[in-house]
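Take a look at the structure below.
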Amino acid sequence: MTTVAAPAATIHLARIALNARSRHVHDDLNDHTALHRRVSALFPDQGGASPRAAHNVLYRLERERTGATLLIQSTGITINRNSLPDGYALDTPEYRDLGPLLDWATTGRAIRYRIDANPTKCEPRPGKGRGRRIPLTGDAAVTWWERQAERAGVSVNLNLDVPQPPVRASRGSDRNARLTVTRFDGIATITDANALRTAITTGIGQGRAYGLGLLSITPHREQ
């Protein structure tokens, strides 16, 4: 008897142009915990205790001179735009099915990529069980990214690393997090399409609950 594999879940991308005049937007841009809660609230309670994990929710904040845009990726379902406060978005959110892009992304293809990530290494602490995570910057961060990229099924050809403002998030009255962030932009060649699909779907590195780890790709065409 032949077993037919279940089709891969549809991967959705929502793009929200944020209204800088909105008080809710202002609050979210100044508190990564508030932004995390805002994104989580865009998905239904049927996702269980953690809708973000159930739907592989990843997001990234893009700040430009002309304003800020929020990218939200998820599997199976997309955001419920009706859960956004009035005036939060400048326009109706844009939606995209990433299936055609991932079907195109076969071994040997050239891509452009972008990811905001939290490069770290684990430093052993004798007698204290788990090690302590140490943030990486500069060349050490680039080396970290090249290793992660290889695991994600791509070989980096060109990379630009740009430090970003740190992510500050509260985890209770006495547990605050400060995550070092580097944006990696560049060109790569796909070496393992399945590994790349997995990395895009589930994210890379630490801090995925706070807007890190979303790997975005587009086809690269020589000028």
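Each chain in the structure tokens gets a letter, A, B, ..., in the order shown, and its residues are numbered from 1; ligands are numbered from 1 in order too.
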**Request:** Find the residues around stretch 100-117 of chain A up to 10 Å (only C-alpha atoms counted), leave out those fewer than 5 positions away in its own chain, and share them as JSON, numbers by chain.
**Result:** {"A": [11, 59, 60, 61, 62, 141, 145, 153, 154, 155, 156, 157, 158, 159, 160, 161, 162, 163, 164, 179, 180, 181, 182, 183, 184, 185, 186, 187, 188, 189, 190, 191, 192, 193, 194, 196, 197, 200, 203, 204, 205, 206, 207, 208, 211, 212, 213, 214, 215, 216, 217, 218, 219, 220, 221, 222]}
Note to self: For a test of reading the model, state the distance in Å between atom CA of A:Thr198 and atom CA of A:Ser40, rounded to one decimal.
What the structure shows: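 Separation of atom CA of A:Thr198 and atom CA of A:Ser40: 21.3 Å.
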Practice item. Return as a count of residues only the full set of residues in stretch 56-207 of chain A whose backbone-based DSSP assignment is strand (DSSP E). Key: 68
Task: Neighbour list for A:Val39 as a PyMOL selection string, cut-off 12 Å, only C-alpha atoms, skip fewer than 2 positions in-chain - done: chain A and resi 14+16+25+28+32-37+41-44+50-52+55+57-61+70-74+78-81+83-85+208-211
Practice problem: Write out as a PyMOL selection string all residues of stretch 3-202 of chain A that backbone DSSP assigns to alpha helix (DSSP H). | Solution: chain A and resi 23-29+32-40+51-54+99-104+138-151+193-202
Near-A:Glu123 list (12 Å; only C-alpha atoms; drop same-chain fewer than 3 positions) as a PDB file with N, CA and C atoms, in the first residue's frame:
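And here's result-v6.pdb as it stands now:
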ATOM      1  N   THR A 120      24.451  34.164  19.139  1.00  0.00           N
ATOM      2  CA  THR A 120      24.939  33.866  20.486  1.00  0.00           C
ATOM      3  C   THR A 120      25.826  32.623  20.459  1.00  0.00           C
ATOM      4  N   PRO A 126      30.612  25.449  34.826  1.00  0.00           N
ATOM      5  CA  PRO A 126      30.835  24.202  35.571  1.00  0.00           C
ATOM      6  C   PRO A 126      29.984  24.135  36.832  1.00  0.00           C
ATOM      7  N   LYS A 128      26.784  24.163  37.069  1.00  0.00           N
ATOM      8  CA  LYS A 128      25.527  24.904  37.048  1.00  0.00           C
ATOM      9  C   LYS A 128      24.601  24.462  35.921  1.00  0.00           C
ATOM     10  N   GLY A 129      24.798  23.248  35.424  1.00  0.00           N
ATOM     11  CA  GLY A 129      23.891  22.726  34.405  1.00  0.00           C
ATOM     12  C   GLY A 129      24.067  23.446  33.083  1.00  0.00           C
ATOM     13  N   ARG A 130      22.983  24.046  32.598  1.00  0.00           N
ATOM     14  CA  ARG A 130      23.033  24.707  31.299  1.00  0.00           C
ATOM     15  C   ARG A 130      24.013  25.870  31.292  1.00  0.00           C
ATOM     16  N   GLY A 131      24.665  26.055  30.148  1.00  0.00           N
ATOM     17  CA  GLY A 131      25.591  27.164  30.011  1.00  0.00           C
ATOM     18  C   GLY A 131      24.874  28.491  29.858  1.00  0.00           C
ATOM     19  N   ARG A 132      25.653  29.550  29.829  1.00  0.00           N
ATOM     20  CA  ARG A 132      25.112  30.902  29.685  1.00  0.00           C
ATOM     21  C   ARG A 132      25.291  31.359  28.242  1.00  0.00           C
ATOM     22  N   ARG A 133      24.258  31.976  27.690  1.00  0.00           N
ATOM     23  CA  ARG A 133      24.330  32.457  26.313  1.00  0.00           C
ATOM     24  C   ARG A 133      25.040  33.806  26.269  1.00  0.00           C
ATOM     25  N   ILE A 134      26.048  33.889  25.388  1.00  0.00           N
ATOM     26  CA  ILE A 134      26.838  35.095  25.240  1.00  0.00           C
ATOM     27  C   ILE A 134      26.549  35.709  23.874  1.00  0.00           C
ATOM     28  N   PRO A 135      26.203  37.002  23.821  1.00  0.00           N
ATOM     29  CA  PRO A 135      25.928  37.621  22.519  1.00  0.00           C
ATOM     30  C   PRO A 135      27.191  37.759  21.686  1.00  0.00           C
ATOM     31  N   LEU A 136      27.032  37.644  20.366  1.00  0.00           N
ATOM     32  CA  LEU A 136      28.141  37.764  19.428  1.00  0.00           C
ATOM     33  C   LEU A 136      27.941  38.985  18.545  1.00  0.00           C
TER      34      LEU A 136
END
Next item on the list: Would you please work out which residue, of A:Pro119, A:Thr137, A:Pro165, A:Gly99, is nearest to A:Arg63 when using only C-alpha atoms?
Entry: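 Using only C-alpha atoms, the shortest distance to A:Arg63 belongs to A:Pro165.
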- Message: Just checking: using only C-alpha atoms, which residue out of A:Ser22, A:Thr69, A:Asn118, A:Thr143 ends up closest to A:Pro93?
- Response: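 The answer is A:Thr69, which sits nearest to A:Pro93.
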Rank nothing, just name the residue among A:Val142, A:Ala199, A:Ile77, A:Cys122 nearest to A:Arg96, using only C-alpha atoms.
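Using only C-alpha atoms, A:Arg96 sits closest to A:Ile77.
Distances to A:Thr66 were evaluated for A:Ala20, A:Val167, A:Ala152, A:Ala177 using only C-alpha atoms, and the minimum falls at A:Ala20.
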| request: Between atom CA of A:Asn19 and atom CA of A:Asp31, measure the distance and give it in Å to one decimal. | output: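 Answer for the atom CA of A:Asn19 to atom CA of A:Asp31 separation: 16.3 Å.
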